[in-house]
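Everything below concerns the one structure shown next.
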Amino acid sequence: MNKVSNAGKIWGEFYKNKKIDWVRYDKKDSRYFEDLIKSDYGKILIQCINFLGKDEDIKILEAGCGVGEMAISLSMNYNVKAFDYNKEALKICNKLNNILCKKVVLYIDDLLDLKVEKEKYNFIYNQAVLEYFTHEEKIICIKNLKKILEEEGIIVFVCQNTNSTYNNNDFINQPNVYNCNIDYVKKLFIENNFEILFYDGLYTSKVFTNFLLPKYMNENIKYYVWKIMDFLYFPSFIRRKYNLQFVVCAKILK
Ligand SMILES: C[S@@+](CC[C@H](N)C(=O)[O-])C[C@H]1O[C@@H](n2cnc3c(N)ncnc32)[C@H](O)[C@@H]1O
């Protein structure tokens, strides 16, 4: 397949050049991951996992995990695997994963050309991945994930709303993004034989920090502003009003 977006390769340059200021594994301990699971993003994921209606034998996959912080947080209570296109990202993830004794099983794979298809999962999710794919690539991504989803399994995509009036594509130094909003992702799911279970706006402190600060801002300042944002509570009406990020959760139809 001709990869138009080349998102995997382009993100690889970010990891190689260490342009990921929020990753400071030397400053993280298990409390960090306990807090992450209590964040809005963590709570929404748990709510979506609960749609499975069972507690045992839940197998979770983060597909496009980057440095895999949420996978590590979820691994405190679930059986979690995670893959990414970039081994540089997984190297960082592995160091973070050490904090909780390597609970997440990591491997390399490509969402647009899946190699590892043996195992099936009840719950597959990712954050900040789909928006970097073209329309055709998004369809391939959903079809590939469907192949490794258990019967009645659930997929959650957490994405940047690239159509938000508040979203300036230049607000962080990121690869090109393509059309992505709640209605569009819901439609993609429905056209691929999924039933929508839940959707909402989401407003993580990381996105808000990037939105507030210019991209040339010193990385240390960015990191501490982000930590302050982390302590603040954003009521749901603000999340919906600005709608910079969103979540769509869907269940595969039989
Ligand atoms: C913005 S980062 C998000 C990382 C992580 N989900 C997070 O929220 O911190 C996008 C990630 O998608 C990964 N990616 C891009 N294209 C991919 C592909 N075709 N297959 C697997 N991962 C891919 C990149 O390597 C990168 O780690």
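If you're wondering about the labels, chains in the structure tokens are A, B, ... by order shown, residues count from 1 in each chain, ligands from 1 in order shown.
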Which residues sit within 8 Å of ligand 1, counting only C-alpha atoms and all ligand atoms, listed as a ChimeraX atom specification? /A:6-12,62-70,83-86,89,108-113,126-129,132-133,174
Restrict the selected residues to C-alpha atoms and save them as a compact mmCIF listing (two decimals), in the first residue's frame.
# COMPACT_ATOMS: atom_id res chain seq x y z
CA ASN A 6 3.72 8.38 6.30
CA ALA A 7 2.68 9.14 9.89
CA GLY A 8 4.71 6.30 11.39
CA LYS A 9 7.95 7.41 9.76
CA ILE A 10 7.37 11.09 10.51
CA TRP A 11 6.66 10.38 14.19
CA GLY A 12 9.89 8.37 14.20
CA GLU A 62 -3.08 -0.04 22.65
CA ALA A 63 -2.48 0.17 18.90
CA GLY A 64 -0.07 3.05 18.24
CA CYS A 65 1.00 3.47 21.85
CA GLY A 66 3.93 5.87 21.41
CA VAL A 67 5.59 5.97 24.83
CA GLY A 68 2.60 4.04 26.16
CA GLU A 69 1.84 5.89 29.38
CA MET A 70 -1.86 4.96 29.42
CA PHE A 83 2.46 -1.81 19.77
CA ASP A 84 3.84 1.10 17.82
CA TYR A 85 5.44 1.62 14.44
CA ASN A 86 8.55 3.15 16.01
CA ALA A 89 9.01 5.07 21.08
CA ILE A 108 6.46 -3.39 16.81
CA ASP A 109 3.69 -3.40 14.20
CA ASP A 110 2.08 -1.20 11.58
CA LEU A 111 -1.59 -0.25 11.80
CA LEU A 112 -1.69 0.07 8.03
CA ASP A 113 0.05 -3.24 7.35
CA ASN A 126 -5.44 4.54 20.78
CA GLN A 127 -4.99 8.25 21.28
CA ALA A 128 -3.68 10.82 18.80
CA VAL A 129 -3.12 8.37 15.97
CA TYR A 132 -2.53 11.59 11.12
CA PHE A 133 -3.98 9.15 8.58
CA GLN A 174 3.31 18.01 14.68
Set the distance at 12 Å and use only C-alpha atoms: which residues neighbour Leu253 in chain A once local chain neighbours fewer than 4 positions away are removed? I'd like the list as a VMD selection string. chain A and resid 146 149 to 155 189 to 197
Would you write out those residues with C-alpha atoms, as a PDB file, in the first residue's frame?
ATOM      1  CA  LYS A 146     -11.315  -5.494  13.251  1.00  0.00           C
ATOM      2  CA  LEU A 149     -10.941  -7.838  17.717  1.00  0.00           C
ATOM      3  CA  GLU A 150     -12.866 -10.531  19.589  1.00  0.00           C
ATOM      4  CA  GLU A 151     -16.541 -11.067  18.866  1.00  0.00           C
ATOM      5  CA  GLU A 152     -18.454  -8.149  20.433  1.00  0.00           C
ATOM      6  CA  GLY A 153     -15.132  -6.431  21.100  1.00  0.00           C
ATOM      7  CA  ILE A 154     -14.814  -2.679  21.529  1.00  0.00           C
ATOM      8  CA  ILE A 155     -12.630  -0.072  19.840  1.00  0.00           C
ATOM      9  CA  PHE A 189     -17.329   3.075  12.449  1.00  0.00           C
ATOM     10  CA  ILE A 190     -20.927   2.626  11.290  1.00  0.00           C
ATOM     11  CA  GLU A 191     -19.836   2.071   7.671  1.00  0.00           C
ATOM     12  CA  ASN A 192     -17.516  -0.665   8.948  1.00  0.00           C
ATOM     13  CA  ASN A 193     -20.228  -2.542  10.817  1.00  0.00           C
ATOM     14  CA  PHE A 194     -19.824  -1.111  14.310  1.00  0.00           C
ATOM     15  CA  GLU A 195     -22.428   0.185  16.739  1.00  0.00           C
ATOM     16  CA  ILE A 196     -21.600   3.452  18.547  1.00  0.00           C
ATOM     17  CA  LEU A 197     -21.662   3.058  22.349  1.00  0.00           C
TER      18      LEU A 197
END
If you count only C-alpha atoms, which residues fall within 10 Å of range 159-165 of chain A, apart from same-chain ones fewer than 5 positions away, as an NGL selection string? :A and (126-132 or 177-182 or 185 or 201-203 or 207 or 241-248)
All helix (DSSP H, G or I) residues (DSSP, backbone) inside range 62-198 of chain A, as a PyMOL selection string: chain A and resi 69-74+87-99+130-132+135-147+182-191
Which of range 56-145 of chain A end up as strand (DSSP E or B) when DSSP is run on this backbone - answer as a PDB file with N, CA and C atoms, in the first residue's frame?
ATOM      1  N   LYS A  59      -8.719  -8.679  27.505  1.00  0.00           N
ATOM      2  CA  LYS A  59      -7.411  -8.462  26.895  1.00  0.00           C
ATOM      3  C   LYS A  59      -7.445  -7.120  26.163  1.00  0.00           C
ATOM      4  N   ILE A  60      -6.513  -6.246  26.555  1.00  0.00           N
ATOM      5  CA  ILE A  60      -6.513  -4.880  26.020  1.00  0.00           C
ATOM      6  C   ILE A  60      -5.291  -4.664  25.136  1.00  0.00           C
ATOM      7  N   LEU A  61      -5.501  -3.936  24.051  1.00  0.00           N
ATOM      8  CA  LEU A  61      -4.379  -3.581  23.163  1.00  0.00           C
ATOM      9  C   LEU A  61      -4.374  -2.075  22.922  1.00  0.00           C
ATOM     10  N   GLU A  62      -3.228  -1.422  23.124  1.00  0.00           N
ATOM     11  CA  GLU A  62      -3.079  -0.043  22.654  1.00  0.00           C
ATOM     12  C   GLU A  62      -2.343  -0.106  21.332  1.00  0.00           C
ATOM     13  N   ALA A  63      -3.011   0.311  20.265  1.00  0.00           N
ATOM     14  CA  ALA A  63      -2.480   0.174  18.902  1.00  0.00           C
ATOM     15  C   ALA A  63      -1.962   1.530  18.426  1.00  0.00           C
ATOM     16  N   ASN A  79      -4.820  -6.922  31.705  1.00  0.00           N
ATOM     17  CA  ASN A  79      -3.829  -7.589  30.890  1.00  0.00           C
ATOM     18  C   ASN A  79      -3.659  -6.743  29.605  1.00  0.00           C
ATOM     19  N   VAL A  80      -2.508  -6.080  29.468  1.00  0.00           N
ATOM     20  CA  VAL A  80      -2.365  -5.093  28.381  1.00  0.00           C
ATOM     21  C   VAL A  80      -1.165  -5.389  27.479  1.00  0.00           C
ATOM     22  N   LYS A  81      -1.409  -5.324  26.179  1.00  0.00           N
ATOM     23  CA  LYS A  81      -0.308  -5.350  25.211  1.00  0.00           C
ATOM     24  C   LYS A  81      -0.349  -4.025  24.448  1.00  0.00           C
ATOM     25  N   ALA A  82       0.754  -3.670  23.831  1.00  0.00           N
ATOM     26  CA  ALA A  82       0.784  -2.397  23.093  1.00  0.00           C
ATOM     27  C   ALA A  82       1.796  -2.493  21.975  1.00  0.00           C
ATOM     28  N   PHE A  83       1.458  -1.870  20.840  1.00  0.00           N
ATOM     29  CA  PHE A  83       2.458  -1.809  19.768  1.00  0.00           C
ATOM     30  C   PHE A  83       2.544  -0.405  19.192  1.00  0.00           C
ATOM     31  N   ASP A  84       3.656  -0.168  18.540  1.00  0.00           N
ATOM     32  CA  ASP A  84       3.841   1.095  17.822  1.00  0.00           C
ATOM     33  C   ASP A  84       4.684   0.807  16.594  1.00  0.00           C
ATOM     34  N   VAL A 105       3.179  -5.829  27.619  1.00  0.00           N
ATOM     35  CA  VAL A 105       3.955  -6.552  26.607  1.00  0.00           C
ATOM     36  C   VAL A 105       3.980  -5.689  25.343  1.00  0.00           C
ATOM     37  N   LEU A 106       5.199  -5.356  24.902  1.00  0.00           N
ATOM     38  CA  LEU A 106       5.340  -4.412  23.783  1.00  0.00           C
ATOM     39  C   LEU A 106       5.820  -5.109  22.526  1.00  0.00           C
ATOM     40  N   TYR A 107       5.376  -4.635  21.391  1.00  0.00           N
ATOM     41  CA  TYR A 107       5.920  -5.132  20.129  1.00  0.00           C
ATOM     42  C   TYR A 107       5.748  -4.087  19.026  1.00  0.00           C
ATOM     43  N   ILE A 108       6.513  -4.304  17.961  1.00  0.00           N
ATOM     44  CA  ILE A 108       6.459  -3.394  16.811  1.00  0.00           C
ATOM     45  C   ILE A 108       5.405  -3.907  15.843  1.00  0.00           C
ATOM     46  N   TYR A 121      -8.248  -9.404  20.804  1.00  0.00           N
ATOM     47  CA  TYR A 121      -8.440  -8.572  21.996  1.00  0.00           C
ATOM     48  C   TYR A 121      -9.916  -8.211  22.173  1.00  0.00           C
ATOM     49  N   ASN A 122     -10.309  -7.971  23.442  1.00  0.00           N
ATOM     50  CA  ASN A 122     -11.675  -7.533  23.710  1.00  0.00           C
ATOM     51  C   ASN A 122     -11.792  -6.021  23.553  1.00  0.00           C
ATOM     52  N   PHE A 123     -10.646  -5.352  23.778  1.00  0.00           N
ATOM     53  CA  PHE A 123     -10.692  -3.896  23.836  1.00  0.00           C
ATOM     54  C   PHE A 123      -9.434  -3.326  23.190  1.00  0.00           C
ATOM     55  N   ILE A 124      -9.616  -2.524  22.133  1.00  0.00           N
ATOM     56  CA  ILE A 124      -8.473  -1.909  21.448  1.00  0.00           C
ATOM     57  C   ILE A 124      -8.682  -0.390  21.460  1.00  0.00           C
ATOM     58  N   TYR A 125      -7.639   0.345  21.780  1.00  0.00           N
ATOM     59  CA  TYR A 125      -7.794   1.803  21.791  1.00  0.00           C
ATOM     60  C   TYR A 125      -6.515   2.464  21.316  1.00  0.00           C
ATOM     61  N   ASN A 126      -6.635   3.710  20.944  1.00  0.00           N
ATOM     62  CA  ASN A 126      -5.445   4.543  20.783  1.00  0.00           C
ATOM     63  C   ASN A 126      -5.821   6.011  20.927  1.00  0.00           C
ATOM     64  N   GLN A 127      -4.798   6.803  21.162  1.00  0.00           N
ATOM     65  CA  GLN A 127      -4.985   8.245  21.275  1.00  0.00           C
ATOM     66  C   GLN A 127      -4.023   8.947  20.343  1.00  0.00           C
TER      67      GLN A 127
END
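Minimum distance to Asn77 in chain A across A:Asp183, A:Glu119, A:Asp57, A:Glu13 (counting only C-alpha atoms) occurs at A:Asp57.
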